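> Got a structure for you, questions after.
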Amino acid sequence: DNTRDALAWEGKLNIQKPEPFTGHDPRKWQIFLTQCLTMFQAKPITFQLESSRVAFTASYLQGIAFNHYTALLWFDPNNPVLSNWLAFTQEFLSKFGVFDTVVEAEENLFNLRMCNNERFTTFIVQFEREAYETSWNYNTLRFALHHALPQRIKDVLCLAPKQTTYDGYKALVTQVNQRYWEDRSENTAPRTSWNASGVPNTNQPLEQRPPAQLNAANLHDTPVPLDTNPNDHDNIPDPTDDQEALCANRIQDSPWIDVLEEMQEK
């Protein structure tokens with residue numbers, strides 16, 4: 001009765017079915033096998049027999065992988081590959097999978113690059129999936145992660161305090177990338193550097209700074225007029241001296257400053 005109830009309960013579970021494996025892409029064998037193992041883990045009573053595991057996995061084979069299975073089924077029906085789970089996985093790994101997963105993972109990590117418009121939270125999942133297959137220590141992984149980052153993140157990291165651990169470095173990159181996307185969502189120019197308090201770095205070139213917000217608190221009600229004499233250079237203020245000079249030089253015409261509409265009227 002307990003077994004019957006367990007089978008009935010497992011039958012109600014909605015577990016994602018494996019993606020069919022064709023054998024054309026060796027890198028997909030491990031993903032396919034993981035999906036099958038997830039099913040077996042969720043339904044241990046249903047798949048307690050090794051032959052049932054083999055039959056279930058074989059039912060999701062297609063292409064040349066399925067052709068190899070049917071050849072064994074027809075011409076070598078006593079082959080242990082058809083009933084023993086370990087023999088089945090070793091047989092198909094040797095023919096359709098990546099036999100040396102460590103070397104494959106190391107090559108993938110070396111060639112992996114984060115796209116400029118990609119979110120770090122998405123990229124790090126792919127990065128660590130390959131990292132788990134390697135025997136690299138955390139210092140090597142930290143170097144590989146830095147190598148894979150886009151330049152927009154590296155420009156900020158060179159100004160930030162140095163992180164000596166892999167987890168600390170990953171947390172710092174997460175923070176930098178999060179602020180980048182916050183600026184994008186606010187329709188402002190993405191910041192290329194921050195100080196410790198999160199304030200944009202004012203040592204940037206003028207054209208790279210975020211727009212300056214001017215309001216009634218920092219504008220004079222009556223801007224100092226310019227002398228209309230073109231030969232009188234003494235009355236022309238330096239545009240970088242102060243807010244009064246900015247007003248006198250028609251700041252609303254400067255494209256790098258965002259002036260509120262009511263301030264323009266004043």
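So you can find residues: chains in the structure tokens are A, B, ... in the order shown, residues in each start at 1, and ligands are numbered from 1 in order.
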Contacts of Asn177 in chain A at 8 Å or less, counting only C-alpha atoms, minus same-chain residues fewer than 3 places along, as a compact mmCIF listing (two decimals) with N, CA, C and O atoms, in the first residue's frame?


# COMPACT_ATOMS: atom_id res chain seq x y z
N ARG A 119 23.93 40.94 -18.51
CA ARG A 119 23.93 41.13 -17.07
C ARG A 119 24.87 40.12 -16.41
O ARG A 119 24.91 38.95 -16.80
N PHE A 120 25.58 40.60 -15.39
CA PHE A 120 26.58 39.76 -14.74
C PHE A 120 25.94 38.56 -14.04
O PHE A 120 26.52 37.48 -13.99
N ILE A 153 33.30 47.37 -17.19
CA ILE A 153 33.43 46.96 -15.81
C ILE A 153 34.88 47.06 -15.35
O ILE A 153 35.17 47.49 -14.23
N VAL A 173 32.07 42.98 -8.54
CA VAL A 173 31.63 43.05 -9.95
C VAL A 173 30.10 43.12 -10.02
O VAL A 173 29.54 43.85 -10.84
N THR A 174 29.43 42.37 -9.15
CA THR A 174 27.97 42.41 -9.11
C THR A 174 27.47 43.81 -8.80
O THR A 174 26.52 44.31 -9.43
N TYR A 180 25.51 50.03 -13.19
CA TYR A 180 25.49 50.32 -14.62
C TYR A 180 24.07 50.20 -15.17
O TYR A 180 23.59 51.08 -15.90
N TRP A 181 23.37 49.12 -14.79
CA TRP A 181 22.02 48.92 -15.30
C TRP A 181 21.02 49.86 -14.64
O TRP A 181 19.99 50.19 -15.24

> List the neighbours of His24 in chain A out to 10 Å using only C-alpha atoms; skip same-chain residues closer than 3 positions along the sequence, and give me the result as a list in words.

Phe21, Arg27, Lys28, Trp29, Gln62, Gly63, Ile64, Ala65, Phe96 and Gly97 of chain A

> Could you go through range 29-145 of chain A and tell me which residues DSSP, when run on the backbone, assigns to alpha helix (DSSP H), listing them as an MDAnalysis selection string?

chainID A and resid 29:42 50:58 63:75 85:96 101:111 120:131 138:145

> In terms of the shortest atom-to-atom distance over only C-alpha atoms, which of A:Ser52, A:Met114, A:Pro80, A:Gln35 is closest to His146 in chain A?

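Selected residue with least distance to His146 in chain A: A:Met114.
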
> Just checking: using only C-alpha atoms, which residue out of A:Asn116, A:Asn139, A:Ser83, A:Thr46 ends up closest to Ala8 in chain A?

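Counting only C-alpha atoms, the residue closest to Ala8 in chain A is A:Thr46.
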
> Using CA of Leu72 in chain A and CA of Met39 in chain A as the two end points, give the distance in Å to one decimal.

24.5 Å
